[in-house]
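Next up, upload_15.tsv (TSV, C-alpha atoms):
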chain	number	residue	atom	x	y	z
A	1	MET	CA	0.00	0.00	0.00
A	2	ILE	CA	1.24	3.47	-0.96
A	3	VAL	CA	-0.46	6.19	1.10
A	4	VAL	CA	-0.80	9.73	-0.23
A	5	ALA	CA	-1.33	12.36	2.47
A	6	GLY	CA	-2.48	15.87	1.60
A	7	GLU	CA	-5.20	18.07	0.24
A	8	ALA	CA	-8.00	17.44	-2.23
A	9	LEU	CA	-9.54	20.52	-3.82
A	10	ILE	CA	-11.37	21.85	-6.85
A	11	ASP	CA	-9.39	23.49	-9.66
A	12	LEU	CA	-11.37	26.15	-11.55
A	13	VAL	CA	-9.79	26.00	-15.01
A	14	PRO	CA	-10.47	28.72	-17.63
A	15	ARG	CA	-12.08	27.57	-20.87
A	16	GLY	CA	-11.10	30.50	-23.02
A	17	THR	CA	-9.01	33.66	-22.77
A	18	GLY	CA	-9.37	36.82	-20.72
A	19	ALA	CA	-10.11	37.56	-17.08
A	20	LEU	CA	-13.79	36.65	-17.44
A	21	ALA	CA	-13.37	33.35	-19.28
A	22	ALA	CA	-15.74	30.63	-18.13
A	23	LEU	CA	-14.29	28.44	-15.37
A	24	GLN	CA	-14.64	24.68	-15.52
A	25	PRO	CA	-14.45	22.89	-12.15
A	26	ALA	CA	-12.01	19.98	-12.09
A	27	LEU	CA	-11.02	17.59	-9.32
A	28	GLY	CA	-7.51	18.34	-8.13
A	29	GLY	CA	-4.89	19.05	-5.51
A	30	GLY	CA	-1.32	17.77	-5.81
A	31	PRO	CA	-1.64	14.84	-3.39
A	32	TYR	CA	-5.10	14.00	-4.71
A	33	ASN	CA	-3.78	13.84	-8.29
A	34	THR	CA	-0.91	11.63	-7.13
A	35	ALA	CA	-3.35	9.20	-5.51
A	36	VAL	CA	-5.50	9.05	-8.66
A	37	ALA	CA	-2.41	8.49	-10.81
A	38	LEU	CA	-1.24	5.65	-8.57
A	39	GLY	CA	-4.65	4.02	-8.82
A	40	ARG	CA	-4.66	4.32	-12.61
A	41	LEU	CA	-1.18	2.80	-12.80
A	42	GLY	CA	-2.38	-0.18	-10.77
A	43	SER	CA	-0.61	0.44	-7.48
A	44	PRO	CA	-2.54	-0.35	-4.29
A	45	ALA	CA	-3.05	3.15	-2.91
A	46	ALA	CA	-4.82	4.94	-0.07
A	47	PHE	CA	-5.64	8.60	0.45
A	48	CYS	CA	-5.19	10.27	3.86
A	49	SER	CA	-6.82	13.69	4.09
A	50	ARG	CA	-9.82	15.65	5.34
A	51	VAL	CA	-12.61	16.20	2.80
A	52	SER	CA	-15.80	18.25	2.93
A	53	TYR	CA	-19.28	16.79	3.06
A	54	ASP	CA	-20.31	19.22	0.31
A	55	ALA	CA	-21.00	18.19	-3.30
A	56	PHE	CA	-17.41	18.85	-4.35
A	57	GLY	CA	-16.15	16.63	-1.52
A	58	GLU	CA	-18.45	13.82	-2.58
A	59	ALA	CA	-17.23	14.11	-6.17
A	60	LEU	CA	-13.60	14.00	-5.02
A	61	LEU	CA	-14.19	10.79	-3.07
A	62	ASP	CA	-16.25	9.22	-5.87
A	63	ARG	CA	-13.32	9.55	-8.27
A	64	LEU	CA	-10.90	8.01	-5.80
A	65	ARG	CA	-13.22	5.05	-5.25
A	66	ALA	CA	-13.71	4.62	-9.00
A	67	THR	CA	-9.93	4.55	-9.43
A	68	GLY	CA	-9.53	1.88	-6.77
A	69	VAL	CA	-7.99	4.14	-4.12
A	70	ASP	CA	-8.77	3.24	-0.49
A	71	VAL	CA	-10.54	6.17	1.21
A	72	SER	CA	-11.00	4.62	4.65
A	73	SER	CA	-8.38	7.03	6.09
A	74	VAL	CA	-10.17	10.14	4.83
A	75	GLN	CA	-11.59	12.39	7.55
A	76	ARG	CA	-14.74	14.41	6.82
A	77	GLY	CA	-15.94	17.87	7.80
A	78	ALA	CA	-18.83	20.26	7.24
A	79	GLU	CA	-16.52	23.07	6.07
A	80	PRO	CA	-16.41	23.86	2.32
A	81	THR	CA	-13.93	22.44	-0.19
A	82	THR	CA	-10.84	24.49	-1.04
A	83	LEU	CA	-10.93	26.20	-4.46
A	84	ALA	CA	-7.92	26.89	-6.70
A	85	VAL	CA	-8.40	29.22	-9.66
A	86	ALA	CA	-5.97	28.30	-12.43
A	87	THR	CA	-4.51	30.61	-15.06
A	88	VAL	CA	-3.04	28.77	-18.06
A	89	GLY	CA	-0.24	30.50	-19.98
A	90	ALA	CA	0.39	30.38	-23.72
A	91	ASP	CA	2.90	27.54	-23.17
A	92	GLY	CA	0.37	25.49	-21.19
A	93	SER	CA	1.93	26.25	-17.80
A	94	ALA	CA	-0.49	26.82	-14.94
A	95	ALA	CA	-0.50	29.35	-12.09
A	96	TYR	CA	-2.99	29.38	-9.23
A	97	SER	CA	-4.79	31.60	-6.75
A	98	PHE	CA	-6.47	29.91	-3.79
A	99	TYR	CA	-9.60	30.24	-1.66
A	100	VAL	CA	-8.61	28.42	1.52
A	101	ASP	CA	-10.03	30.23	4.55
A	102	GLY	CA	-12.20	27.98	6.68
A	103	THR	CA	-12.01	24.98	4.35
A	104	ALA	CA	-12.22	21.34	5.37
A	105	ASP	CA	-8.71	20.12	4.53
A	106	ARG	CA	-7.06	22.70	6.83
A	107	LEU	CA	-8.45	20.87	9.88
A	108	PHE	CA	-6.75	17.53	9.16
A	109	ALA	CA	-5.63	15.68	12.31
A	110	ALA	CA	-2.75	13.20	12.32
A	111	PRO	CA	-4.12	9.62	12.47
A	112	SER	CA	-3.05	7.25	15.21
A	113	ALA	CA	-1.81	4.69	12.66
A	114	LEU	CA	-1.23	4.22	8.94
A	115	PRO	CA	-3.29	1.69	6.96
A	116	PRO	CA	-2.11	-1.94	7.31
A	117	GLY	CA	0.57	-2.88	4.81
A	118	THR	CA	1.77	0.70	4.20
A	119	ARG	CA	5.11	0.65	2.37
A	120	ALA	CA	5.39	4.34	1.51
A	121	VAL	CA	3.77	7.69	2.30
A	122	SER	CA	3.81	10.68	-0.05
A	123	PHE	CA	3.46	14.31	1.11
A	124	GLY	CA	3.41	17.76	-0.44
A	125	THR	CA	1.87	20.98	-1.75
A	126	CYS	CA	-0.63	23.16	0.16
A	127	SER	CA	-1.15	20.66	2.95
A	128	LEU	CA	2.34	21.40	4.31
A	129	VAL	CA	1.70	25.16	4.31
A	130	LEU	CA	-1.78	25.78	5.69
A	131	GLU	CA	-2.16	25.51	9.45
A	132	PRO	CA	-3.28	23.84	11.60
A	133	GLY	CA	-3.28	20.92	9.16
A	134	ALA	CA	0.34	21.50	8.10
A	135	SER	CA	1.61	20.61	11.56
A	136	ALA	CA	-0.53	17.47	11.57
A	137	TYR	CA	0.87	16.32	8.22
A	138	GLU	CA	4.38	17.10	9.47
A	139	GLU	CA	3.70	14.98	12.56
A	140	LEU	CA	2.57	12.11	10.32
A	141	MET	CA	5.70	12.44	8.15
A	142	ARG	CA	8.05	12.30	11.12
A	143	ALA	CA	6.15	9.38	12.68
A	144	ALA	CA	6.21	7.38	9.44
A	145	ALA	CA	9.95	7.96	9.00
A	146	ALA	CA	10.60	6.95	12.60
A	147	GLN	CA	8.80	3.67	11.90
A	148	GLY	CA	11.05	3.00	8.90
A	149	VAL	CA	8.34	3.73	6.30
A	150	PHE	CA	9.56	5.09	2.96
A	151	THR	CA	8.61	8.78	2.69
A	152	ALA	CA	8.35	10.91	-0.44
A	153	LEU	CA	8.10	14.70	-0.50
A	154	ASP	CA	7.13	17.05	-3.33
A	155	PRO	CA	7.03	20.60	-1.87
A	156	ASN	CA	5.27	21.86	-5.06
A	157	ILE	CA	5.68	25.48	-4.00
A	158	ARG	CA	2.66	27.80	-4.14
A	159	ALA	CA	4.39	31.03	-3.17
A	160	GLY	CA	1.15	32.98	-2.84
A	161	LEU	CA	0.13	30.80	0.10
A	162	ILE	CA	3.42	31.20	2.00
A	163	PRO	CA	3.39	34.32	4.20
A	164	ASP	CA	6.99	33.96	5.42
A	165	ALA	CA	9.29	32.50	2.75
A	166	ASP	CA	12.34	32.25	5.01
A	167	ALA	CA	10.38	30.44	7.73
A	168	TYR	CA	9.05	27.96	5.16
A	169	ARG	CA	12.55	27.35	3.77
A	170	ALA	CA	13.80	26.60	7.28
A	171	ARG	CA	10.87	24.27	7.87
A	172	PHE	CA	11.57	22.50	4.58
A	173	LYS	CA	15.14	21.83	5.70
A	174	SER	CA	13.83	20.42	8.98
A	175	TRP	CA	11.79	17.82	7.06
A	176	LEU	CA	14.73	16.43	5.08
A	177	PRO	CA	16.00	13.99	7.76
A	178	SER	CA	12.54	12.36	7.57
A	179	VAL	CA	12.44	12.16	3.74
A	180	SER	CA	13.53	9.15	1.65
A	181	LEU	CA	12.81	10.59	-1.81
A	182	LEU	CA	12.69	14.33	-2.54
A	183	LYS	CA	11.12	15.29	-5.85
A	184	LEU	CA	10.77	18.89	-6.94
A	185	SER	CA	10.58	21.01	-10.05
A	186	GLU	CA	13.46	23.15	-11.25
A	187	GLU	CA	11.43	26.26	-10.35
A	188	ASP	CA	10.77	24.94	-6.83
A	189	ALA	CA	14.47	24.17	-6.38
A	190	GLN	CA	15.39	27.73	-7.32
A	191	TRP	CA	12.78	29.19	-4.95
A	192	LEU	CA	13.92	27.01	-2.04
A	193	GLY	CA	17.63	27.60	-2.57
A	194	GLY	CA	20.31	25.01	-1.91
A	195	THR	CA	21.57	22.21	-4.13
A	196	PRO	CA	20.73	18.53	-4.60
A	197	GLN	CA	24.01	17.65	-2.90
A	198	GLU	CA	23.11	19.74	0.17
A	199	TRP	CA	19.67	18.13	0.34
A	200	LEU	CA	21.13	14.62	0.00
A	201	ALA	CA	23.50	15.32	2.86
A	202	ALA	CA	20.52	16.31	5.03
A	203	GLY	CA	18.68	13.00	4.68
A	204	PRO	CA	17.03	11.90	1.41
A	205	ALA	CA	18.51	8.91	-0.39
A	206	ALA	CA	17.61	10.46	-3.76
A	207	VAL	CA	16.61	13.84	-5.15
A	208	VAL	CA	14.72	14.03	-8.45
A	209	ILE	CA	14.41	17.37	-10.25
A	210	THR	CA	11.94	17.81	-13.09
A	211	ARG	CA	12.73	20.25	-15.91
A	212	GLY	CA	9.51	20.29	-17.88
A	213	GLY	CA	10.04	19.27	-21.48
A	214	ASP	CA	13.77	18.96	-20.85
A	215	GLY	CA	13.33	15.83	-18.73
A	216	LEU	CA	14.26	14.63	-15.26
A	217	THR	CA	17.49	14.24	-13.32
A	218	ALA	CA	18.06	12.04	-10.26
A	219	PHE	CA	20.84	12.67	-7.76
A	220	THR	CA	22.04	9.98	-5.34
A	221	ALA	CA	25.19	9.21	-3.41
A	222	GLY	CA	26.03	6.77	-6.19
A	223	GLY	CA	25.76	9.19	-9.08
A	224	GLU	CA	23.67	11.52	-11.20
A	225	TYR	CA	21.22	10.18	-13.82
A	226	ALA	CA	19.18	12.09	-16.41
A	227	VAL	CA	16.64	11.35	-19.14
A	228	PRO	CA	15.17	13.71	-21.76
A	229	GLY	CA	11.53	14.71	-21.80
A	230	GLU	CA	8.99	13.03	-24.06
A	231	ARG	CA	7.92	15.30	-26.91
A	232	VAL	CA	4.18	15.93	-26.95
A	233	GLU	CA	1.67	18.60	-27.97
A	234	VAL	CA	1.09	20.32	-24.61
A	235	VAL	CA	-2.50	21.22	-23.74
A	236	ASP	CA	-1.60	22.22	-20.17
A	237	THR	CA	0.77	21.07	-17.45
A	238	ILE	CA	-1.84	20.62	-14.69
A	239	GLY	CA	-1.04	17.46	-12.75
A	240	ALA	CA	2.18	16.66	-14.61
A	241	GLY	CA	4.40	16.85	-11.52
A	242	ASP	CA	1.88	14.83	-9.53
A	243	THR	CA	1.97	12.18	-12.23
A	244	VAL	CA	5.75	12.06	-11.91
A	245	ASN	CA	5.37	11.47	-8.16
A	246	ALA	CA	3.05	8.54	-8.78
A	247	ALA	CA	5.16	7.07	-11.57
A	248	LEU	CA	8.30	7.17	-9.42
A	249	LEU	CA	6.57	5.48	-6.49
A	250	HIS	CA	4.87	2.93	-8.72
A	251	GLY	CA	8.14	2.15	-10.49
A	252	LEU	CA	10.06	1.81	-7.26
A	253	ALA	CA	7.43	-0.53	-5.83
A	254	ALA	CA	7.60	-2.66	-8.99
A	255	ARG	CA	11.38	-2.89	-8.50
A	256	ASP	CA	10.98	-3.70	-4.78
A	257	ALA	CA	13.03	-0.56	-4.17
A	258	LEU	CA	10.92	1.39	-1.68
A	259	SER	CA	13.77	1.75	0.79
A	260	THR	CA	16.56	4.24	1.39
A	261	GLN	CA	19.12	1.48	0.81
A	262	ALA	CA	17.68	0.54	-2.58
A	263	LEU	CA	17.63	3.99	-4.20
A	264	PRO	CA	21.41	4.51	-4.57
A	265	ALA	CA	21.76	0.88	-5.66
A	266	LEU	CA	19.46	1.25	-8.70
A	267	GLY	CA	22.39	2.29	-10.87
A	268	PRO	CA	22.33	3.82	-14.36
A	269	GLU	CA	20.05	1.23	-15.98
A	270	GLY	CA	17.55	1.21	-13.13
A	271	TRP	CA	17.33	4.99	-12.93
A	272	ALA	CA	17.08	5.36	-16.72
A	273	GLY	CA	14.12	3.00	-16.78
A	274	LEU	CA	12.41	4.64	-13.79
A	275	LEU	CA	12.91	8.23	-14.96
A	276	GLY	CA	11.95	7.36	-18.53
A	277	PHE	CA	8.70	5.82	-17.29
A	278	ALA	CA	7.94	8.96	-15.27
A	279	ALA	CA	8.67	11.19	-18.28
A	280	ARG	CA	6.30	9.19	-20.49
A	281	ALA	CA	3.56	9.30	-17.86
A	282	ALA	CA	3.89	13.07	-17.42
A	283	ALA	CA	3.81	13.60	-21.20
A	284	VAL	CA	0.45	11.83	-21.42
A	285	THR	CA	-0.93	14.09	-18.68
A	286	CYS	CA	0.33	17.20	-20.50
A	287	SER	CA	-1.34	16.07	-23.72
A	288	ARG	CA	-4.86	16.50	-22.31
A	289	ALA	CA	-6.71	19.18	-20.39
A	290	GLY	CA	-6.63	19.14	-16.61
A	291	ALA	CA	-5.10	16.56	-14.31
A	292	GLU	CA	-5.80	13.40	-16.29
A	293	PRO	CA	-2.93	10.98	-15.57
A	294	PRO	CA	-2.48	7.89	-17.70
A	295	TYR	CA	-3.70	4.37	-17.10
A	296	ALA	CA	-1.14	1.57	-17.10
A	297	HIS	CA	-2.16	0.31	-20.55
A	298	GLU	CA	-1.36	3.73	-22.06
A	299	LEU	CA	2.29	3.32	-21.07
A	300	GLU	CA	2.85	-0.25	-22.19
A	301	GLY	CA	5.89	-0.66	-24.40

Would you write out, as C-alpha cells, the structure that this file holds?
Amino acid sequence: MIVVAGEALIDLVPRGTGALAALQPALGGGPYNTAVALGRLGSPAAFCSRVSYDAFGEALLDRLRATGVDVSSVQRGAEPTTLAVATVGADGSAAYSFYVDGTADRLFAAPSALPPGTRAVSFGTCSLVLEPGASAYEELMRAAAAQGVFTALDPNIRAGLIPDADAYRARFKSWLPSVSLLKLSEEDAQWLGGTPQEWLAAGPAAVVITRGGDGLTAFTAGGEYAVPGERVEVVDTIGAGDTVNAALLHGLAARDALSTQALPALGPEGWAGLLGFAARAAAVTCSRAGAEPPYAHELEG
C-alpha cells in the first residue's frame, strides 16, 4: 500500500481567454492527483486527508473510489472544499490563486496509525503550508519515517500561500531527515535555494528534479542520472508533476526498491528506466486538459 497524504480541492480552469473566461471545475490538488495516478497505474493506494461533506467533496471521493484508491483514512468535515483558480499561460503552464479560509482540509488531524501494509507515504503541496493541518501532516511524516516507512516529498511550492518565505525554507530543511525521496521542479528548487548535494546530505537517499520538457534528473550518493523529456503537444501542465510522483513510487514498488538502501543501488540502468517511465507518464498528462494521468495500458511498451 502506498499512502498519499495531503489536500484534495477543486481546480477552476479557464475555458477560453481573458479575465472573465468561463471556469470549468475539475477535481484536483497535488496529493489527490498523485493518488489518482497511482490508482490508474495499478498500485494499491490509499488517500489520507480531510474532505468536505459538500457536493465537491463527494465528487472528489467518488473519483478516488472509482480509481480503486482506499478512502477509509479520509476524515470528513462540514466546512467547504478548497478552491484553486488556475490561469493557463500560452505555453500550457499553470498558475494558481487559492480560496482556503475555513475549508475542510485545513483541519486535518494526524491519524493514530497508517493503513495496514503501508510501504510508503507521499506528502506535499498546500497541505504542508496551511495551518493547523500542516503541523498534523508534518507529525505524520516524522512518525512514518521513525517507523522506517519510505517517505516521499514534493514541496510543489505555491508562493502565494506562503506568508513567510524564510520560515518555510527553514521548515523545509527540517523535514529532510525524515524524507527518503525528494522530488521537486526546477522552479521549486530555485525558490527554495540550496543544491541537490546539500539536500542529499541532510537525509534523502535520492533527489529528483523535473525540468519540464527537458526531462528529469536524479541525484544519489552513487551518481547523477538524467533522461530527456517526451515530446508531446502540450494542452496544459496541470497534474504533470503529480503524475511524476506517482510514476516514481509505482516504479520503485515494482522494482521492490521502496527503501533508502535501494535507491542509490538502482544504478544507471535502473534509474534510466524509472525516470523514462515517469517522463512518459507526465507527457500523457500534459497532452490532455486538466489533471488526467495515464492508465497503465497507455504506457505499455

When you draw a straight line from atom CA of Gly6 of chain A to atom CA of Pro31 of chain A, how long is it in Å? 5.2 Å

Kindly provide the residues of segment 39-127 of chain A that approach segment 170-177 of chain A to within 12 Å, each paired with its closest atom pair and their distance in Å to one decimal, based on only C-alpha atoms, listed by chain and increasing number, as CSV.
residue,atom,partner,partner_atom,distance
A:Phe123,CA,A:Trp175,CA,10.8
A:Gly124,CA,A:Phe172,CA,10.7
A:Thr125,CA,A:Phe172,CA,11.7

Prev. selection, C-alpha atoms, output as an mmCIF file, keeping the file's coordinate frame:
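Writing the result to selection-v3.cif gives the following:
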data_model
loop_
_atom_site.group_PDB
_atom_site.id
_atom_site.type_symbol
_atom_site.label_atom_id
_atom_site.label_comp_id
_atom_site.auth_asym_id
_atom_site.auth_seq_id
_atom_site.Cartn_x
_atom_site.Cartn_y
_atom_site.Cartn_z
ATOM 1 C CA PHE A 123 3.460 14.310 1.110
ATOM 2 C CA GLY A 124 3.410 17.760 -0.440
ATOM 3 C CA THR A 125 1.870 20.980 -1.750
#

Counting only C-alpha atoms, the residue of A:Gly241, A:Gly194, A:Gly28, A:Pro44 that sits nearest Gly57 of chain A: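 Of the candidates, the smallest distance to Gly57 of chain A is held by A:Gly28.
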
Residue neighbourhood Leu114 of chain A, 10 Å, all atoms listed in the file, exclusion window fewer than 3 positions, as an MDAnalysis selection string: chainID A and resid 1 3 46 48 73 110:111 117:121 140 143:144 149

Once you have the residues from the selection above, write them out as a PDB file, in the coordinates of the input, restricted to C-alpha atoms.
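Generated output (result-v6.pdb):
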ATOM      1  CA  MET A   1       0.000   0.000   0.000  1.00  0.00           C
ATOM      2  CA  VAL A   3      -0.460   6.190   1.100  1.00  0.00           C
ATOM      3  CA  ALA A  46      -4.820   4.940  -0.070  1.00  0.00           C
ATOM      4  CA  CYS A  48      -5.190  10.270   3.860  1.00  0.00           C
ATOM      5  CA  SER A  73      -8.380   7.030   6.090  1.00  0.00           C
ATOM      6  CA  ALA A 110      -2.750  13.200  12.320  1.00  0.00           C
ATOM      7  CA  PRO A 111      -4.120   9.620  12.470  1.00  0.00           C
ATOM      8  CA  GLY A 117       0.570  -2.880   4.810  1.00  0.00           C
ATOM      9  CA  THR A 118       1.770   0.700   4.200  1.00  0.00           C
ATOM     10  CA  ARG A 119       5.110   0.650   2.370  1.00  0.00           C
ATOM     11  CA  ALA A 120       5.390   4.340   1.510  1.00  0.00           C
ATOM     12  CA  VAL A 121       3.770   7.690   2.300  1.00  0.00           C
ATOM     13  CA  LEU A 140       2.570  12.110  10.320  1.00  0.00           C
ATOM     14  CA  ALA A 143       6.150   9.380  12.680  1.00  0.00           C
ATOM     15  CA  ALA A 144       6.210   7.380   9.440  1.00  0.00           C
ATOM     16  CA  VAL A 149       8.340   3.730   6.300  1.00  0.00           C
TER      17      VAL A 149
END

For Ala59 of chain A, list every protein, DNA or RNA residue within 12 Å, evaluated using only C-alpha atoms, and leave out those in the same chain fewer than 3 positions away; present the list as a count of residues only. 19

Could you check which residues have any atom within 12 Å of (6.5, -1.8, -8.6), counting all atoms listed in the file with coordinates taken straight from the file, and then list them as JSON, numbers by chain? {"A": [1, 2, 38, 41, 42, 43, 44, 119, 120, 246, 247, 248, 249, 250, 251, 252, 253, 254, 255, 256, 257, 258, 274, 277, 296]}

Quick one: pull the distance between atom CA of Ala86 of chain A and atom CA of Asp11 of chain A, Å, one decimal. 6.5 Å

May I ask for the distance between atom CA of Arg106 of chain A and atom CA of Leu182 of chain A, given in Å to one decimal place?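 Between atom CA of Arg106 of chain A and atom CA of Leu182 of chain A the gap is 23.4 Å.
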
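Between Ala281 of chain A and the residues A:Thr67, A:Thr243, A:Ser180, A:Ser259, the shortest atom-to-atom distance, using all atoms listed in the file, involves A:Thr243.
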